[in-house]
>>> print(open('model-v1.cif').read())   # mmCIF, C-alpha atoms and all ligand atoms
data_target
#
loop_
_atom_site.label_atom_id
_atom_site.label_comp_id
_atom_site.auth_asym_id
_atom_site.auth_seq_id
_atom_site.Cartn_x
_atom_site.Cartn_y
_atom_site.Cartn_z
CA MET A 1 139.57 -56.45 -41.86
CA ILE A 2 136.59 -55.17 -43.79
CA GLU A 3 133.71 -53.66 -41.85
CA ALA A 4 130.49 -52.69 -43.59
CA LYS A 5 127.98 -50.94 -41.37
CA SER A 6 124.32 -50.57 -42.38
CA ILE A 7 125.09 -50.10 -46.06
CA GLY A 8 122.21 -48.88 -48.16
CA LYS A 9 122.05 -47.78 -51.78
CA PHE A 10 119.13 -45.92 -53.25
CA PHE A 11 119.02 -45.07 -56.96
CA SER A 12 116.84 -42.27 -58.24
CA VAL A 13 115.46 -43.18 -61.63
CA VAL A 14 113.11 -41.46 -64.04
CA ASN A 15 110.24 -43.65 -65.22
CA GLU A 16 108.68 -43.72 -68.69
CA LYS A 17 106.22 -40.96 -67.70
CA GLY A 18 109.12 -38.71 -66.87
CA LEU A 19 108.44 -38.92 -63.15
CA ALA A 20 111.08 -39.46 -60.54
CA GLU A 21 111.09 -42.86 -58.93
CA GLY A 22 113.40 -44.58 -56.57
CA LEU A 23 114.85 -48.01 -56.25
CA THR A 24 116.55 -49.42 -53.21
CA ALA A 25 119.23 -51.79 -54.49
CA VAL A 26 120.92 -52.57 -51.17
CA LEU A 27 119.28 -52.34 -47.78
CA ASN A 28 120.99 -52.25 -44.42
CA VAL A 29 123.87 -54.63 -45.05
CA SER A 30 126.30 -55.02 -42.18
CA ILE A 31 129.13 -57.48 -42.28
CA THR A 32 132.63 -57.91 -40.91
CA ILE A 33 135.13 -59.92 -42.90
CA PRO A 34 138.44 -60.89 -41.26
CA ASP A 35 141.70 -60.98 -43.22
CA GLY A 36 142.60 -63.96 -45.34
CA LYS A 37 139.13 -65.40 -45.76
CA ILE A 38 137.22 -66.34 -48.88
CA VAL A 39 133.67 -65.05 -48.62
CA SER A 40 130.97 -65.48 -51.26
CA LEU A 41 128.05 -63.16 -51.73
CA LEU A 42 125.32 -65.33 -53.14
CA GLY A 43 121.93 -64.25 -54.41
CA PRO A 44 119.55 -64.11 -57.35
CA SER A 45 120.42 -61.66 -60.10
CA GLY A 46 119.26 -58.11 -59.55
CA CYS A 47 119.50 -58.39 -55.77
CA GLY A 48 122.24 -55.79 -55.48
CA LYS A 49 125.37 -57.95 -55.24
CA SER A 50 127.36 -55.99 -57.81
CA THR A 51 126.23 -52.73 -56.30
CA PHE A 52 127.40 -53.83 -52.86
CA LEU A 53 130.73 -55.06 -54.25
CA GLU A 54 131.31 -51.74 -56.02
CA ILE A 55 130.59 -49.93 -52.78
CA LEU A 56 133.17 -52.14 -51.06
CA ALA A 57 135.65 -51.23 -53.79
CA GLY A 58 134.90 -47.53 -53.44
CA LEU A 59 133.62 -47.35 -57.02
CA GLN A 60 130.23 -46.17 -55.80
CA ALA A 61 129.33 -44.20 -52.71
CA PRO A 62 126.65 -45.72 -50.49
CA THR A 63 123.60 -43.62 -49.68
CA ASP A 64 123.67 -45.02 -46.15
CA GLY A 65 126.28 -46.49 -43.90
CA THR A 66 130.04 -46.78 -44.00
CA ILE A 67 132.73 -49.19 -45.11
CA HIS A 68 136.00 -49.30 -43.24
CA ILE A 69 138.99 -51.30 -44.37
CA ASP A 70 141.61 -51.73 -41.68
CA GLY A 71 139.94 -48.89 -39.83
CA LYS A 72 140.04 -46.48 -42.78
CA LEU A 73 136.89 -45.15 -44.42
CA VAL A 74 136.46 -46.23 -48.04
CA LEU A 75 134.16 -43.52 -49.39
CA GLU A 76 131.97 -40.98 -47.70
CA PRO A 77 128.24 -41.51 -48.13
CA LEU A 78 126.80 -38.96 -50.54
CA PRO A 79 125.21 -36.00 -48.77
CA ALA A 80 121.47 -36.38 -48.22
CA THR A 81 120.39 -33.11 -46.62
CA ARG A 82 120.99 -29.59 -47.88
CA LYS A 83 123.23 -28.82 -44.97
CA GLU A 84 125.39 -31.87 -45.63
CA GLN A 85 125.54 -30.97 -49.31
CA ILE A 86 126.96 -27.56 -48.58
CA ALA A 87 129.61 -28.98 -46.29
CA TYR A 88 130.46 -31.68 -48.82
CA ARG A 89 130.88 -29.19 -51.67
CA ARG A 90 133.03 -26.98 -49.55
CA ARG A 91 135.25 -29.89 -48.74
CA TYR A 92 135.55 -31.41 -52.19
CA ARG A 93 134.63 -28.62 -54.61
CA PHE A 94 133.59 -30.30 -57.83
CA ILE A 95 135.55 -33.52 -57.75
CA SER A 96 133.40 -36.63 -58.19
CA PRO A 97 133.08 -39.08 -55.29
CA LEU A 98 135.29 -41.53 -57.14
CA ALA A 99 137.98 -38.94 -57.83
CA ASN A 100 137.81 -37.90 -54.19
CA GLY A 101 138.61 -41.47 -53.27
CA VAL A 102 141.62 -41.47 -55.58
CA PHE A 103 143.04 -38.01 -55.02
CA ARG A 104 141.96 -36.87 -51.59
CA ASP A 105 141.75 -39.80 -49.27
CA ARG A 106 145.26 -41.12 -49.31
CA PRO A 107 146.50 -43.68 -48.66
CA LYS A 108 144.10 -45.67 -50.76
CA HIS A 109 142.99 -49.16 -49.94
CA ASP A 110 144.81 -52.09 -51.28
CA ILE A 111 142.12 -53.66 -53.45
CA ALA A 112 142.01 -55.29 -56.87
CA MET A 113 138.72 -55.93 -58.63
CA ILE A 114 137.86 -58.49 -61.28
CA PHE A 115 134.74 -57.78 -63.29
CA GLN A 116 132.55 -60.29 -65.02
CA ASP A 117 132.98 -58.76 -68.48
CA TYR A 118 135.49 -56.39 -70.01
CA ALA A 119 137.96 -57.71 -67.50
CA VAL A 120 140.94 -57.03 -69.77
CA PHE A 121 141.81 -54.44 -72.41
CA PRO A 122 141.40 -55.96 -75.88
CA TRP A 123 143.95 -53.65 -77.50
CA MET A 124 146.78 -54.75 -75.23
CA THR A 125 148.61 -58.06 -75.20
CA ALA A 126 148.37 -60.24 -72.10
CA LEU A 127 151.71 -58.91 -70.94
CA GLN A 128 150.77 -55.29 -71.61
CA ASN A 129 147.57 -55.77 -69.63
CA VAL A 130 149.47 -56.83 -66.52
CA VAL A 131 152.20 -54.24 -67.04
CA PHE A 132 149.54 -51.57 -67.27
CA ALA A 133 148.09 -52.51 -63.87
CA LEU A 134 151.54 -52.48 -62.32
CA LYS A 135 152.35 -49.08 -63.84
CA LEU A 136 149.13 -47.62 -62.50
CA ARG A 137 149.90 -48.95 -59.07
CA ASN A 138 153.43 -47.63 -59.34
CA ALA A 139 152.23 -44.16 -60.25
CA ALA A 140 149.70 -43.86 -57.43
CA PRO A 141 151.10 -41.35 -54.94
CA SER A 142 149.36 -43.17 -52.13
CA PHE A 143 151.57 -46.20 -52.46
CA ALA A 144 154.67 -44.17 -52.08
CA VAL A 145 153.10 -42.86 -48.89
CA GLY A 146 152.34 -46.40 -47.81
CA GLY A 147 156.03 -47.20 -47.95
CA ALA A 148 155.89 -49.30 -51.13
CA VAL A 149 158.97 -49.12 -53.32
CA LYS A 150 158.63 -47.92 -56.89
CA LEU A 151 159.54 -50.50 -59.46
CA LYS A 152 161.80 -49.94 -62.45
CA LYS A 153 160.59 -50.66 -65.98
CA ARG A 154 162.49 -53.93 -66.15
CA GLU A 155 161.21 -55.05 -62.77
CA ILE A 156 157.64 -54.33 -63.82
CA GLU A 157 157.98 -56.53 -66.86
CA ASP A 158 159.60 -59.33 -64.87
CA LYS A 159 156.86 -59.19 -62.32
CA ALA A 160 154.16 -59.23 -65.00
CA LEU A 161 155.74 -62.29 -66.59
CA TYR A 162 156.02 -63.95 -63.19
CA TYR A 163 152.29 -63.61 -62.57
CA LEU A 164 151.39 -64.69 -66.10
CA HIS A 165 153.48 -67.77 -65.45
CA LYS A 166 151.66 -68.36 -62.16
CA VAL A 167 148.29 -68.56 -63.89
CA GLY A 168 149.66 -70.68 -66.72
CA LEU A 169 149.77 -68.01 -69.39
CA ALA A 170 153.53 -67.62 -69.85
CA ALA A 171 153.31 -68.93 -73.40
CA SER A 172 150.54 -66.46 -74.26
CA ALA A 173 152.21 -63.29 -73.01
CA TYR A 174 152.27 -61.69 -76.44
CA LYS A 175 148.76 -62.70 -77.48
CA TYR A 176 145.81 -60.34 -77.51
CA PRO A 177 142.67 -61.17 -75.50
CA SER A 178 140.78 -61.97 -78.72
CA GLN A 179 143.30 -64.75 -79.32
CA LEU A 180 142.65 -66.27 -75.90
CA SER A 181 139.79 -68.52 -74.78
CA GLY A 182 137.26 -67.30 -72.20
CA GLY A 183 138.99 -69.23 -69.45
CA MET A 184 142.38 -67.80 -70.43
CA ARG A 185 140.98 -64.29 -70.41
CA GLN A 186 139.72 -64.79 -66.88
CA ARG A 187 143.14 -66.15 -65.91
CA LEU A 188 144.67 -63.03 -67.36
CA ALA A 189 142.31 -60.91 -65.26
CA LEU A 190 143.40 -62.95 -62.25
CA ALA A 191 147.09 -62.44 -63.10
CA ARG A 192 146.50 -58.71 -63.37
CA ALA A 193 144.74 -58.61 -60.01
CA LEU A 194 147.41 -60.71 -58.30
CA SER A 195 150.31 -58.79 -59.83
CA VAL A 196 149.68 -55.71 -57.72
CA GLU A 197 149.77 -57.96 -54.63
CA PRO A 198 146.61 -56.55 -53.11
CA LYS A 199 145.28 -57.34 -49.67
CA ILE A 200 141.79 -57.80 -51.02
CA ILE A 201 140.51 -59.18 -54.30
CA LEU A 202 136.90 -58.50 -55.19
CA MET A 203 135.46 -60.70 -57.93
CA ASP A 204 132.12 -60.16 -59.62
CA GLU A 205 130.88 -63.46 -61.07
CA PRO A 206 134.36 -64.18 -62.40
CA PHE A 207 133.61 -67.60 -63.84
CA ALA A 208 130.07 -67.07 -65.06
CA ALA A 209 131.03 -66.86 -68.73
CA VAL A 210 133.10 -70.04 -68.99
CA ASP A 211 132.04 -73.67 -69.45
CA ALA A 212 131.54 -75.96 -66.45
CA LEU A 213 134.85 -77.83 -66.72
CA THR A 214 136.94 -74.70 -67.18
CA ARG A 215 135.07 -73.15 -64.31
CA GLU A 216 136.04 -75.96 -61.95
CA LYS A 217 139.64 -75.72 -63.06
CA LEU A 218 139.70 -71.95 -62.51
CA GLN A 219 138.16 -72.39 -59.08
CA ASP A 220 140.91 -74.80 -58.09
CA GLU A 221 143.56 -72.45 -59.45
CA LEU A 222 142.10 -69.60 -57.47
CA LEU A 223 142.25 -71.71 -54.31
CA ARG A 224 145.85 -72.68 -55.03
CA LEU A 225 146.91 -69.05 -55.55
CA TRP A 226 145.01 -67.94 -52.46
CA ASP A 227 146.65 -70.72 -50.45
CA GLU A 228 150.09 -69.56 -51.59
CA THR A 229 149.47 -66.08 -50.21
CA ALA A 230 148.32 -67.62 -46.92
CA GLY A 231 151.81 -69.11 -46.57
CA THR A 232 153.50 -65.71 -46.92
CA GLY A 233 151.92 -64.34 -43.75
CA ASN A 234 150.14 -61.70 -45.81
CA PRO A 235 147.03 -63.62 -46.80
CA VAL A 236 144.79 -62.14 -49.44
CA THR A 237 141.09 -61.79 -48.67
CA ILE A 238 138.78 -62.79 -51.51
CA ILE A 239 135.21 -61.61 -51.81
CA LEU A 240 133.41 -63.30 -54.61
CA VAL A 241 129.98 -62.52 -56.01
CA THR A 242 128.22 -65.47 -57.58
CA HIS A 243 124.78 -66.89 -58.26
CA ASP A 244 126.20 -70.41 -58.36
CA VAL A 245 125.45 -72.15 -55.05
CA GLN A 246 127.94 -74.94 -55.63
CA GLU A 247 130.74 -72.51 -56.45
CA ALA A 248 130.02 -70.47 -53.33
CA VAL A 249 129.98 -73.49 -51.04
CA TYR A 250 133.05 -75.15 -52.54
CA LEU A 251 135.25 -72.06 -52.43
CA SER A 252 134.23 -70.21 -49.31
CA ASP A 253 134.90 -69.99 -45.61
CA GLU A 254 131.58 -68.23 -45.39
CA VAL A 255 128.60 -67.87 -47.71
CA VAL A 256 126.55 -64.73 -47.33
CA VAL A 257 123.12 -65.33 -48.80
CA PHE A 258 121.35 -62.21 -50.06
CA SER A 259 117.60 -61.85 -50.22
CA PRO A 260 115.89 -60.87 -53.47
CA SER A 261 115.80 -57.13 -54.17
CA PRO A 262 116.32 -54.98 -52.21
CA GLY A 263 119.45 -56.88 -51.27
CA SER A 264 119.92 -57.49 -47.61
CA ILE A 265 121.63 -60.31 -45.80
CA ARG A 266 119.32 -63.28 -45.55
CA ASN A 267 121.68 -65.67 -43.88
CA ARG A 268 125.37 -66.24 -43.21
CA ILE A 269 126.62 -69.77 -43.40
CA LEU A 270 130.04 -70.82 -42.19
CA VAL A 271 131.68 -73.55 -44.22
CA SER A 272 134.24 -75.11 -41.95
CA VAL A 273 135.11 -78.12 -44.14
CA LYS A 274 138.91 -78.43 -44.30
CA ARG A 275 140.80 -77.75 -47.54
CA PRO A 276 141.58 -79.31 -49.92
CA ARG A 277 137.91 -80.16 -50.27
CA ALA A 278 136.31 -82.82 -52.39
CA ARG A 279 133.50 -81.55 -54.57
CA THR A 280 131.54 -84.61 -53.53
CA ASP A 281 132.00 -83.95 -49.79
CA ALA A 282 128.84 -84.86 -47.84
CA GLU A 283 128.97 -81.82 -45.60
CA LEU A 284 129.30 -79.48 -48.60
CA ALA A 285 126.34 -81.21 -50.23
CA GLU A 286 124.27 -80.69 -47.12
CA ILE A 287 125.06 -76.95 -47.01
CA HIS A 288 124.25 -76.76 -50.71
CA GLU A 289 120.83 -78.29 -50.03
CA ARG A 290 120.16 -75.90 -47.19
CA ILE A 291 120.87 -72.86 -49.34
CA LEU A 292 118.75 -74.17 -52.20
CA ALA A 293 115.87 -74.67 -49.79
CA MET A 294 116.24 -71.06 -48.73
CA PHE A 295 116.02 -69.86 -52.33
CA GLN A 296 113.05 -72.13 -52.94
CA TYR A 297 111.30 -70.50 -50.03
CA ASP A 298 111.92 -67.04 -51.51
CA ILE A 299 110.59 -68.11 -54.89
CA ASN A 300 107.43 -69.58 -53.33
CA GLN A 301 106.86 -66.41 -51.37
CA GLU A 302 107.09 -64.41 -54.55
CA ALA A 303 104.53 -66.68 -56.23
CA ASP A 304 102.15 -66.17 -53.31
CA TYR A 305 102.23 -62.42 -53.70
CA SER A 306 101.21 -62.60 -57.33
CA ILE A 307 97.99 -64.49 -56.64
N1 LIG B 401 123.20 -46.98 -61.78
C1 LIG B 401 122.00 -47.52 -61.53
N2 LIG B 401 120.88 -46.76 -61.62
C2 LIG B 401 119.66 -47.29 -61.34
N3 LIG B 401 119.47 -48.56 -60.96
C3 LIG B 401 120.54 -49.36 -60.84
C4 LIG B 401 121.86 -48.88 -61.11
N4 LIG B 401 122.74 -49.91 -60.90
C5 LIG B 401 121.99 -50.97 -60.52
N5 LIG B 401 120.69 -50.65 -60.48
C6 LIG B 401 119.59 -51.53 -60.05
O1 LIG B 401 119.89 -52.05 -58.77
C7 LIG B 401 119.47 -53.40 -58.66
C8 LIG B 401 120.64 -54.26 -58.25
O2 LIG B 401 121.58 -54.34 -59.30
P1 LIG B 401 122.93 -55.16 -59.24
O3 LIG B 401 123.70 -54.70 -58.05
O4 LIG B 401 123.59 -55.08 -60.55
O5 LIG B 401 122.39 -56.64 -58.96
P2 LIG B 401 123.15 -58.06 -59.08
O6 LIG B 401 124.60 -57.82 -59.26
O7 LIG B 401 122.81 -58.78 -57.81
O8 LIG B 401 122.54 -58.76 -60.25
C9 LIG B 401 118.87 -53.78 -59.99
O9 LIG B 401 117.47 -53.67 -59.91
C10 LIG B 401 119.42 -52.74 -60.96
O10 LIG B 401 118.54 -52.49 -62.00
MG MG B 402 125.83 -58.32 -60.90
#
>>> encode(input="model-v1.cif", output="structure tokens", more="lines below")
Ligand SMILES: Nc1ncnc2c1ncn2[C@@H]1O[C@H](COP(=O)(O)OP(=O)(O)O)[C@@H](O)[C@H]1O
Ligand SMILES: [Mg+2]
Amino acid sequence: MIEAKSIGKFFSVVNEKGLAEGLTAVLNVSITIPDGKIVSLLGPSGCGKSTFLEILAGLQAPTDGTIHIDGKLVLEPLPATRKEQIAYRRRYRFISPLANGVFRDRPKHDIAMIFQDYAVFPWMTALQNVVFALKLRNAAPSFAVGGAVKLKKREIEDKALYYLHKVGLAASAYKYPSQLSGGMRQRLALARALSVEPKIILMDEPFAAVDALTREKLQDELLRLWDETAGTGNPVTIILVTHDVQEAVYLSDEVVVFSPSPGSIRNRILVSVKRPRARTDAELAEIHERILAMFQYDINQEADYSI
């Protein structure tokens, strides 16, 4: 279970006059996500979705609030007062917040992240990309602590091939990302994420760069792979950031609608339509309409301010 409590993120920025300014990217976001669900974070661009997702992943520390995964803290909020700063330095010396997460707070959380761009390493073949992820996971001391068995070289390669096969890339194992189409590259990113058999997969606009038909196919593949893990009794939780209303509604158990910047939760909509779903389902269409109306309202409000 993922529990985010009053998450806030404030960036200090220097403006063109050289003066310090601040920007609140995420404001007071609290949400609890049970295991095995697909949840979409939906909102206009710039509303802090990626920032929130990176905080969930422990790639950024929040300035307010806490994230717990299965009761364990993800990252400590950065110190705000002088007193907190001193205590924080004493505890961590000069290690960065991210490094603290990796080296100090074992065992780490079982998360894989898929980014919108640069999802795979261009200088490695498809197979090498997946093998690399597995080797990293293998080397992490925390997973030995967690009771996971270390894999042998041969086993790593077999596993990588198994997951490439799962996403339909078995024949492209020895190709480089530049030789793959956009959709295939995203499949490779998915294979890499799945290969480490994480409990949680975080995806940041994973299908934004591919054409509409490929996108629908990838969505269905994602659902199929997610459904397979549900059968194993160890269901993976997927949190997906998107600005595509249809994608959010079609895929999710719950759609979390963010407000325009600073990002806070505007509405949470449960989608209880049974799977497999038809894209033309009337209930899905109705939810779609409702969300669009919400966005329309936000846009109109914005226009009013500018008068
Ligand atoms: N490292 C940073 N420093 C300063 N501002 C940032 C930083 N990262 C993001 N922002 C700002 O925070 C806001 C939210 O960004 P982001 O989370 O990327 O939005 P989204 O993913 O919803 O498009 C934006 O206004 C962006 O400019
Ligand atoms: Mg983003």
>>> closest_residue(input="model-v1.cif", among="A:Asn300, A:Ser261, A:Asn15, A:Gln219", to="ligand LIG 401 (chain B)", atoms="only C-alpha atoms and all ligand atoms")
A:Ser261
>>> residues_near_ligand(input="model-v1.cif", ligand="ligand MG 402 (chain B)", cutoff="10 Å", atoms="all atoms listed in the file", output="list in words")
Gly43, Pro44, Ser45, Gly46, Cys47, Gly48, Lys49, Ser50, Thr51, Phe52, Leu53, Glu54, Phe115, Gln116, Asp204, Glu205, Val241, Thr242 and His243 of chain A
>>> residues_around(input="model-v1.cif", residues="Arg154 in chain A", least_positions_apart="4", cutoff="12 Å", atoms="only C-alpha atoms", output="NGL selection string")
:A and (131 or 134-135 or 150 or 158-161)
>>> write_last_selection(input="model-v1.cif", atoms="C-alpha atoms", output="short mmCIF file (atom, residue, chain, number, x, y, z; two decimals), keeping the file's coordinate frame")
data_model
loop_
_atom_site.label_atom_id
_atom_site.label_comp_id
_atom_site.auth_asym_id
_atom_site.auth_seq_id
_atom_site.Cartn_x
_atom_site.Cartn_y
_atom_site.Cartn_z
CA VAL A 131 152.20 -54.24 -67.04
CA LEU A 134 151.54 -52.48 -62.32
CA LYS A 135 152.35 -49.08 -63.84
CA LYS A 150 158.63 -47.92 -56.89
CA ASP A 158 159.60 -59.33 -64.87
CA LYS A 159 156.86 -59.19 -62.32
CA ALA A 160 154.16 -59.23 -65.00
CA LEU A 161 155.74 -62.29 -66.59
#
>>> closest_atom_pairs(input="model-v1.cif", of="range 170-271 of chain A", to="range 57-70 of chain A", cutoff="10 Å", atoms="all atoms listed in the file", output="CSV")
residue,atom,partner,partner_atom,distance
A:Ile200,CA,A:Ala57,CA,9.4
A:Ile201,CA,A:Ala57,CA,9.3
A:Leu202,CA,A:Ala57,CA,7.5
>>> write_last_selection(input="model-v1.cif", atoms="C-alpha atoms", output="PDB file, keeping the file's coordinate frame")
ATOM      1  CA  ILE A 200     141.790 -57.800 -51.020  1.00  0.00           C
ATOM      2  CA  ILE A 201     140.510 -59.180 -54.300  1.00  0.00           C
ATOM      3  CA  LEU A 202     136.900 -58.500 -55.190  1.00  0.00           C
TER       4      LEU A 202
END
>>> closest_residue(input="model-v1.cif", among="A:Ala170, A:Ala282, A:Leu42, A:Val210", to="ligand LIG 401 (chain B)", atoms="all atoms listed in the file")
A:Leu42
>>> axis_aligned_box(input="model-v1.cif", around="range 172-189 of chain A", padding_each_side="5 Å", output="AutoDock Vina command-line options")
--center_x 144.8 --center_y -64.8 --center_z -72.3 --size_x 25.0 --size_y 18.9 --size_z 24.1
>>> atom_distance(input="model-v1.cif", atom1="CA of Ala25 in chain A", atom2="atom O5 of ligand LIG 401 (chain B)")
7.3 Å
>>> closest_residue(input="model-v1.cif", among="A:Val245, A:Ser6, A:Phe11, A:Asp117", to="ligand LIG 401 (chain B)", atoms="all atoms listed in the file")
A:Phe11
>>> residues_around(input="model-v1.cif", residues="range 182-187 of chain A", least_positions_apart="4", cutoff="10 Å", atoms="only C-alpha atoms", output="ChimeraX atom specification")
/A:114-120,122,126,164,166-169,172,176-178,191-193,206-207,209-211,213-215,217-218,221-222
>>> write_last_selection(input="model-v1.cif", atoms="C-alpha atoms", output="compact mmCIF listing (two decimals), in the coordinates of the input")
# COMPACT_ATOMS: atom_id res chain seq x y z
CA ILE A 114 137.86 -58.49 -61.28
CA PHE A 115 134.74 -57.78 -63.29
CA GLN A 116 132.55 -60.29 -65.02
CA ASP A 117 132.98 -58.76 -68.48
CA TYR A 118 135.49 -56.39 -70.01
CA ALA A 119 137.96 -57.71 -67.50
CA VAL A 120 140.94 -57.03 -69.77
CA PRO A 122 141.40 -55.96 -75.88
CA ALA A 126 148.37 -60.24 -72.10
CA LEU A 164 151.39 -64.69 -66.10
CA LYS A 166 151.66 -68.36 -62.16
CA VAL A 167 148.29 -68.56 -63.89
CA GLY A 168 149.66 -70.68 -66.72
CA LEU A 169 149.77 -68.01 -69.39
CA SER A 172 150.54 -66.46 -74.26
CA TYR A 176 145.81 -60.34 -77.51
CA PRO A 177 142.67 -61.17 -75.50
CA SER A 178 140.78 -61.97 -78.72
CA ALA A 191 147.09 -62.44 -63.10
CA ARG A 192 146.50 -58.71 -63.37
CA ALA A 193 144.74 -58.61 -60.01
CA PRO A 206 134.36 -64.18 -62.40
CA PHE A 207 133.61 -67.60 -63.84
CA ALA A 209 131.03 -66.86 -68.73
CA VAL A 210 133.10 -70.04 -68.99
CA ASP A 211 132.04 -73.67 -69.45
CA LEU A 213 134.85 -77.83 -66.72
CA THR A 214 136.94 -74.70 -67.18
CA ARG A 215 135.07 -73.15 -64.31
CA LYS A 217 139.64 -75.72 -63.06
CA LEU A 218 139.70 -71.95 -62.51
CA GLU A 221 143.56 -72.45 -59.45
CA LEU A 222 142.10 -69.60 -57.47
>>> atom_distance(input="model-v1.cif", atom1="CA of Asp253 in chain A", atom2="CA of Leu270 in chain A")
6.0 Å
>>> atom_distance(input="model-v1.cif", atom1="CA of Pro276 in chain A", atom2="CA of Pro235 in chain A")
16.9 Å
>>> residues_around(input="model-v1.cif", residues="Ile269 in chain A", least_positions_apart="4", cutoff="9 Å", atoms="all atoms listed in the file", output="PyMOL selection string")
chain A and resi 253-257+287+291
>>> closest_residue(input="model-v1.cif", among="A:Asn28, A:Ser264, A:Ser195, A:Ser272", to="ligand LIG 401 (chain B)", atoms="all atoms listed in the file")
A:Ser264
>>> closest_residue(input="model-v1.cif", among="A:Val13, A:Asp244, A:Ser252, A:Phe258", to="Val273 in chain A", atoms="only C-alpha atoms")
A:Ser252
>>> closest_residue(input="model-v1.cif", among="A:Leu127, A:Ile55, A:Leu78, A:Met203", to="Ile238 in chain A", atoms="only C-alpha atoms")
A:Met203
>>> residues_near_point(input="model-v1.cif", point="(140.7, -64.7, -47.9)", cutoff="7 Å", atoms="all atoms listed in the file", output="VMD selection string")
chain A and resid 35 to 38 235 to 238
